[in-house]
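Source file: structure31.txt; contents: compact mmCIF, C-alpha atoms.
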# COMPACT_ATOMS: atom_id res chain seq x y z
CA ARG A 1 36.78 42.23 37.41
CA PRO A 2 33.84 42.87 35.07
CA VAL A 3 31.54 45.65 36.12
CA ALA A 4 27.80 44.94 35.99
CA PRO A 5 25.95 47.25 33.59
CA PRO A 6 23.55 49.73 35.11
CA PRO A 7 19.94 48.52 35.38
CA SER A 8 18.86 50.79 32.55
CA ALA A 9 21.25 49.01 30.14
CA SER A 10 19.81 45.61 31.09
CA VAL A 11 16.28 46.84 30.54
CA THR A 12 17.26 48.28 27.15
CA SER A 13 18.83 44.95 26.11
CA VAL A 14 15.75 43.02 27.16
CA ASN A 15 13.46 45.41 25.33
CA LYS A 16 15.57 45.15 22.14
CA TYR A 17 15.51 41.36 22.40
CA GLU A 18 11.73 41.40 22.79
CA ARG A 19 11.34 43.74 19.80
CA ASP A 20 13.60 41.57 17.65
CA LEU A 21 11.75 38.45 18.72
CA GLN A 22 8.36 39.96 17.96
CA GLU A 23 9.58 41.14 14.55
CA ALA A 24 10.93 37.67 13.76
CA LEU A 25 7.63 36.10 14.79
CA ARG A 26 5.71 38.65 12.69
CA ILE A 27 7.81 37.87 9.60
CA SER A 28 7.45 34.13 10.22
CA ALA A 29 3.67 34.49 10.49
CA LEU A 30 3.52 36.47 7.25
CA GLU A 31 5.67 33.88 5.45
CA THR A 32 3.48 31.06 6.77
CA LYS A 33 0.35 32.89 5.65
CA HIS A 34 1.90 33.48 2.23
CA ASP A 35 2.95 29.83 1.96
CA ASN A 36 -0.52 28.67 2.98
CA SER A 37 -2.03 30.92 0.32
CA LYS A 38 0.27 29.46 -2.34
CA MET A 39 -0.46 25.94 -1.16
CA ASP A 40 -4.21 26.58 -1.39
CA ARG A 41 -3.74 27.95 -4.92
CA LEU A 42 -1.83 24.84 -5.96
CA LYS A 43 -4.41 22.48 -4.45
CA GLU A 44 -7.24 24.32 -6.20
CA ARG A 45 -5.48 24.14 -9.57
CA LEU A 46 -4.74 20.45 -9.27
CA GLU A 47 -8.32 19.72 -8.25
CA LYS A 48 -9.81 21.85 -11.03
CA TYR A 49 -7.61 20.87 -13.96
CA THR A 50 -6.01 17.51 -13.15
CA GLU A 51 -6.60 14.09 -11.68
CA TYR A 52 -3.86 14.59 -9.10
CA GLU A 53 -3.54 15.48 -5.44
CA LEU A 54 -0.52 16.49 -3.40
CA GLU A 55 1.62 13.93 -1.63
CA ASP A 56 4.03 15.45 0.87
CA VAL A 57 7.59 14.20 1.16
CA ASP A 58 10.78 14.74 3.18
CA ASN A 59 11.18 18.32 4.42
CA SER A 60 14.76 18.24 5.68
CA GLY A 61 16.49 19.37 2.47
CA HIS A 62 15.90 16.29 0.31
CA CYS A 63 12.38 17.10 -0.94
CA GLN A 64 13.06 17.18 -4.69
CA PHE A 65 14.87 13.85 -4.58
CA ASP A 66 12.26 12.31 -2.28
CA ALA A 67 9.45 13.50 -4.57
CA ILE A 68 11.10 11.64 -7.47
CA ALA A 69 11.56 8.57 -5.25
CA HIS A 70 7.82 8.70 -4.46
CA GLN A 71 7.06 8.83 -8.18
CA ILE A 72 9.21 5.78 -8.89
CA ALA A 73 7.79 3.79 -5.99
CA GLY A 74 4.17 4.88 -6.32
CA ARG A 75 3.46 5.46 -10.00
CA PHE A 76 6.19 3.44 -11.76
CA PRO A 77 6.97 0.47 -9.51
CA GLY A 78 9.23 -2.11 -11.10
CA GLU A 79 10.43 0.15 -13.93
CA TYR A 80 13.83 1.01 -12.45
CA SER A 81 16.65 -1.22 -11.28
CA LYS A 82 16.24 -1.09 -7.51
CA SER A 83 12.45 -1.19 -7.57
CA LYS A 84 12.58 -4.25 -9.85
CA GLY A 85 13.99 -6.18 -6.94
CA GLY A 86 11.11 -5.16 -4.70
CA ALA A 87 13.04 -2.58 -2.66
CA ARG A 88 11.45 0.84 -2.34
CA TYR A 89 13.32 3.71 -3.94
CA HIS A 90 14.68 6.17 -1.38
CA PHE A 91 15.82 9.76 -1.83
CA ARG A 92 19.37 8.53 -1.18
CA ASP A 93 19.08 6.35 -4.30
CA VAL A 94 17.86 9.29 -6.36
CA ARG A 95 20.68 11.52 -5.08
CA ARG A 96 23.20 8.84 -6.04
CA ASP A 97 21.72 8.34 -9.53
CA VAL A 98 21.50 12.07 -10.25
CA ALA A 99 25.04 12.73 -8.99
CA MET A 100 26.40 9.91 -11.16
CA TRP A 101 24.70 11.33 -14.26
CA LEU A 102 26.04 14.82 -13.52
CA ARG A 103 29.60 13.49 -13.08
CA GLN A 104 29.42 11.67 -16.40
CA ASN A 105 27.69 14.46 -18.34
CA ALA A 106 29.32 17.75 -17.34
CA THR A 107 29.56 18.69 -21.02
CA TYR A 108 25.92 17.84 -21.77
CA VAL A 109 24.62 20.50 -24.16
CA LEU A 110 21.35 22.20 -23.26
CA GLU A 111 18.80 23.53 -25.72
CA ASN A 112 20.42 26.98 -25.58
CA GLY A 113 23.74 25.51 -26.72
CA GLU A 114 25.45 25.87 -23.34
CA GLN A 115 27.03 23.02 -21.41
CA VAL A 116 25.22 22.10 -18.21
CA GLN A 117 28.39 22.64 -16.13
CA ASN A 118 28.41 26.33 -17.14
CA PHE A 119 25.38 26.93 -14.92
CA LEU A 120 27.08 25.88 -11.69
CA ASP A 121 26.34 28.29 -8.86
CA GLU A 122 29.44 28.59 -6.67
CA THR A 123 27.25 28.47 -3.56
CA ASP A 124 26.43 24.86 -4.55
CA GLY A 125 30.07 23.86 -5.02
CA ARG A 126 33.40 25.49 -5.86
CA THR A 127 33.95 22.97 -8.67
CA TRP A 128 31.74 20.67 -10.71
CA ALA A 129 33.15 17.66 -8.85
CA GLU A 130 32.34 19.25 -5.48
CA PHE A 131 28.85 20.10 -6.68
CA CYS A 132 28.28 16.46 -7.68
CA ASP A 133 29.54 15.30 -4.28
CA ASN A 134 27.15 17.73 -2.59
CA VAL A 135 24.28 16.37 -4.68
CA GLU A 136 25.09 12.81 -3.66
CA ASP A 137 25.48 13.84 0.01
CA LYS A 138 27.43 10.76 1.05
CA MET A 139 28.32 12.35 4.38
CA HIS A 140 24.65 12.98 5.27
CA ASN A 141 25.14 16.71 5.78
CA PRO A 142 22.62 18.12 8.30
CA GLN A 143 22.09 20.98 5.81
CA PRO A 144 22.21 19.15 2.46
CA LEU A 145 22.26 20.78 -0.94
CA TRP A 146 18.72 21.32 -2.21
CA GLY A 147 17.63 20.07 -5.59
CA ASN A 148 17.55 22.68 -8.35
CA HIS A 149 16.96 22.99 -12.09
CA LEU A 150 20.24 21.21 -12.88
CA THR A 151 19.28 18.19 -10.79
CA LEU A 152 15.87 18.07 -12.52
CA ILE A 153 17.61 18.02 -15.91
CA ALA A 154 19.87 15.25 -14.65
CA ALA A 155 16.94 13.23 -13.28
CA ALA A 156 14.95 13.51 -16.52
CA ASN A 157 17.92 12.18 -18.47
CA CYS A 158 19.03 9.67 -15.87
CA TYR A 159 15.59 8.01 -15.73
CA GLN A 160 14.74 8.79 -19.37
CA ARG A 161 11.41 10.27 -18.40
CA PRO A 162 9.97 13.79 -18.66
CA ILE A 163 9.42 15.63 -15.39
CA ARG A 164 6.43 17.92 -15.12
CA VAL A 165 6.40 20.43 -12.27
CA TRP A 166 3.13 22.01 -11.14
CA SER A 167 3.95 25.28 -9.43
CA THR A 168 2.45 28.09 -7.39
CA ALA A 169 3.35 30.69 -10.02
CA PRO A 170 0.57 33.17 -10.82
CA GLY A 171 -1.18 33.26 -14.17
CA ASP A 172 -1.29 30.53 -16.80
CA ASP A 173 2.41 29.62 -16.69
CA TRP A 174 2.06 27.50 -13.60
CA TRP A 175 3.66 24.32 -14.87
CA LEU A 176 6.75 23.38 -16.81
CA GLN A 177 8.09 20.17 -18.26
CA ILE A 178 11.72 19.09 -18.46
CA ASP A 179 12.36 16.50 -21.15
CA PRO A 180 15.27 14.11 -21.55
CA LYS A 181 17.47 14.55 -24.60
CA HIS A 182 15.90 13.43 -27.89
CA TYR A 183 12.46 13.16 -26.30
CA LYS A 184 9.51 13.81 -28.62
CA PRO A 185 5.79 13.93 -27.69
CA LYS A 186 5.21 11.01 -30.06
CA HIS A 187 7.22 8.85 -27.67
CA ARG A 188 4.23 9.01 -25.34
CA ILE A 189 6.18 8.58 -22.10
CA ARG A 190 4.25 9.41 -18.94
CA PRO A 191 6.17 11.99 -16.91
CA PHE A 192 7.11 12.13 -13.30
CA GLU A 193 4.64 14.57 -11.73
CA LEU A 194 6.00 16.94 -9.07
CA ALA A 195 4.64 20.04 -7.36
CA HIS A 196 6.67 23.02 -6.22
CA LEU A 197 5.97 25.57 -3.52
CA TYR A 198 8.16 28.34 -4.97
CA GLU A 199 11.59 28.56 -3.30
CA ARG A 200 10.31 26.46 -0.40
CA HIS A 201 9.42 22.86 -1.05
CA TYR A 202 8.96 20.15 -3.67
CA MET A 203 6.18 17.59 -3.35
CA SER A 204 5.03 14.54 -5.22
CA VAL A 205 1.55 14.21 -6.71
CA ARG A 206 -0.53 11.07 -7.06
CA GLU A 207 -3.73 10.11 -8.81
CA ARG A 208 -6.71 11.36 -6.85
CA LYS A 209 -9.35 8.83 -5.87
CA GLY A 210 -12.59 9.41 -7.70
CA ALA A 211 -11.04 11.82 -10.20
CA THR A 212 -12.97 12.09 -13.46
CA GLY A 213 -9.99 12.94 -15.62
CA ILE A 214 -7.59 15.70 -16.51
CA SER A 215 -8.29 18.83 -18.51
CA ALA A 216 -7.39 18.32 -22.18
CA ARG A 217 -4.94 21.20 -21.87
CA TYR A 218 -2.83 19.27 -19.39
CA GLN A 219 -3.32 15.70 -20.54
CA THR A 220 -0.35 13.36 -20.70
CA PRO A 221 -0.12 10.01 -22.49
CA LYS A 222 -1.35 6.93 -20.66
Could you write out this file's structure as structure tokens?
Amino acid sequence: RPVAPPPSASVTSVNKYERDLQEALRISALETKHDNSKMDRLKERLEKYTEYELEDVDNSGHCQFDAIAHQIAGRFPGEYSKSKGGARYHFRDVRRDVAMWLRQNATYVLENGEQVQNFLDETDGRTWAEFCDNVEDKMHNPQPLWGNHLTLIAAANCYQRPIRVWSTAPGDDWWLQIDPKHYKPKHRIRPFELAHLYERHYMSVRERKGATGISARYQTPK
């Protein structure tokens, strides 16, 4: 039968467990502090330069898609098929729309001349078809595929609307805009406005009550 370890071994195991636990808690605290710092930076930038404020969304792996759903429901109600009928757009609807566009446009050519399917990361799907299935998430995976740059490209083209992402990046390059194919500034299409806590979380933004306007540098057409 199994022989009980000597008391010293048990004490050593407990001490190692305690050390590992304390180290994990320390790392978690540092990450939280870092995230809070980035969040504060993003809030300050939005308040200083824009008329927007953060609007949090789903945090269970669907945040990018839910942020777009919030944009459709909150800032562009009635402009897309489901919302025209009065039903609120849900992240499941956005996942479905984006997956459908990706399935139908695997050979879509990006500005660099490459096809969008060439940028598939195998961790997101072994094949393009599997990747699209993972985006749609029909089976409601408890650990769903996160949105990425490919799904933003798909959403911009699917909804024929630019997507501007305000980020926590340092310096002046703290926002980027993804345009649908053939889009020109003269088209004057208001973009979806998202925020991104780098490698952590997407959020939606909404017009801030009492805002006096947006800095000319970041203005978008009305």
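Candidate residues A:Ala99, A:Thr107, A:Pro162, A:Val116 were compared for distance to Asn134 in chain A, and the nearest is A:Ala99, using only C-alpha atoms.
For the set A:Ile178, A:Glu130, A:Thr168, A:Val109, the residue with the smallest atom-to-atom gap to Arg200 in chain A is A:Thr168, counting all atoms listed in the file.
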(message) Measuring between only C-alpha atoms, which one of A:Glu55, A:Val205, A:Gln160, A:Ile153 shows the shortest distance to Glu111 in chain A?
(response) A:Ile153
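Interatomic distance, CA of Ala195 in chain A to CA of Asn105 in chain A: 26.1 Å.
Among the candidate residues A:Glu51, A:Asp97, A:Ile72, A:Leu102, the one lying nearest to Phe192 in chain A is A:Ile72, with distances computed using only C-alpha atoms.
CA of Met39 in chain A sits 27.1 Å away from CA of Asp124 in chain A.
When all atoms listed in the file are used to measure the gap to Ala154 in chain A, the shortest distance among A:Arg95, A:His62, A:Lys43, A:His70 belongs to A:Arg95.
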Might you pull out every residue within 12 Å of range 143-148 of chain A, with only C-alpha atoms counted and same-chain residues fewer than 2 positions away left off, and present them as a compact mmCIF listing (two decimals) with C-alpha atoms, in the frame of the given file?
# COMPACT_ATOMS: atom_id res chain seq x y z
CA ASP A 58 10.78 14.74 3.18
CA ASN A 59 11.18 18.32 4.42
CA SER A 60 14.76 18.24 5.68
CA GLY A 61 16.49 19.37 2.47
CA HIS A 62 15.90 16.29 0.31
CA CYS A 63 12.38 17.10 -0.94
CA GLN A 64 13.06 17.18 -4.69
CA PHE A 65 14.87 13.85 -4.58
CA ASP A 66 12.26 12.31 -2.28
CA ALA A 67 9.45 13.50 -4.57
CA ILE A 68 11.10 11.64 -7.47
CA PHE A 91 15.82 9.76 -1.83
CA ARG A 92 19.37 8.53 -1.18
CA VAL A 94 17.86 9.29 -6.36
CA ARG A 95 20.68 11.52 -5.08
CA VAL A 98 21.50 12.07 -10.25
CA ALA A 99 25.04 12.73 -8.99
CA PHE A 119 25.38 26.93 -14.92
CA LEU A 120 27.08 25.88 -11.69
CA ASP A 121 26.34 28.29 -8.86
CA THR A 123 27.25 28.47 -3.56
CA ASP A 124 26.43 24.86 -4.55
CA GLY A 125 30.07 23.86 -5.02
CA GLU A 130 32.34 19.25 -5.48
CA PHE A 131 28.85 20.10 -6.68
CA CYS A 132 28.28 16.46 -7.68
CA ASP A 133 29.54 15.30 -4.28
CA ASN A 134 27.15 17.73 -2.59
CA VAL A 135 24.28 16.37 -4.68
CA GLU A 136 25.09 12.81 -3.66
CA ASP A 137 25.48 13.84 0.01
CA LYS A 138 27.43 10.76 1.05
CA MET A 139 28.32 12.35 4.38
CA HIS A 140 24.65 12.98 5.27
CA ASN A 141 25.14 16.71 5.78
CA LEU A 150 20.24 21.21 -12.88
CA THR A 151 19.28 18.19 -10.79
CA LEU A 152 15.87 18.07 -12.52
CA ILE A 153 17.61 18.02 -15.91
CA ALA A 154 19.87 15.25 -14.65
CA ALA A 155 16.94 13.23 -13.28
CA HIS A 196 6.67 23.02 -6.22
CA TYR A 198 8.16 28.34 -4.97
CA GLU A 199 11.59 28.56 -3.30
CA ARG A 200 10.31 26.46 -0.40
CA HIS A 201 9.42 22.86 -1.05
CA TYR A 202 8.96 20.15 -3.67
CA MET A 203 6.18 17.59 -3.35
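The two atoms in question, CA of His90 in chain A and CA of Arg208 in chain A, are spaced 22.7 Å apart.
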Around all the atoms of range 147-157 of chain A listed in the file, draw an axis-aligned box and extend it by 5 Å on each of the six sides; I want its centre and edge lengths in Å to one decimal, as AutoDock Vina command-line options.
--center_x 17.6 --center_y 17.6 --center_z -12.0 --size_x 15.3 --size_y 20.8 --size_z 22.9
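Of the residues listed (A:Arg161, A:Glu114, A:Glu47, A:Arg96), A:Arg161 shows the shortest atom-to-atom separation from Glu79 in chain A; distances use only C-alpha atoms.
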(request) Would you mind listing what lies within 7 Å of Lys181 in chain A as a VMD selection string, with all atoms listed in the file counted and same-chain residues fewer than 2 positions away left out? (result) chain A and resid 157 179 183
(request) Counting all atoms listed in the file, select every polymer residue within 12 Å of (6.3, 6.9, -25.7) as defined in the file's coordinates, and provide the selection as a list of chain:residue names. (result) A:Gln160, A:Arg161, A:Pro162, A:His182, A:Tyr183, A:Lys184, A:Pro185, A:Lys186, A:His187, A:Arg188, A:Ile189, A:Arg190, A:Pro191, A:Thr220, A:Pro221, A:Lys222
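Near Pro170 in chain A, within 10 Å and counting only C-alpha atoms, sit Lys38, Arg41, Leu42, Ser167, Thr168, Asp172, Asp173 and Trp174 of chain A, not including residues fewer than 2 positions from it in the same chain.
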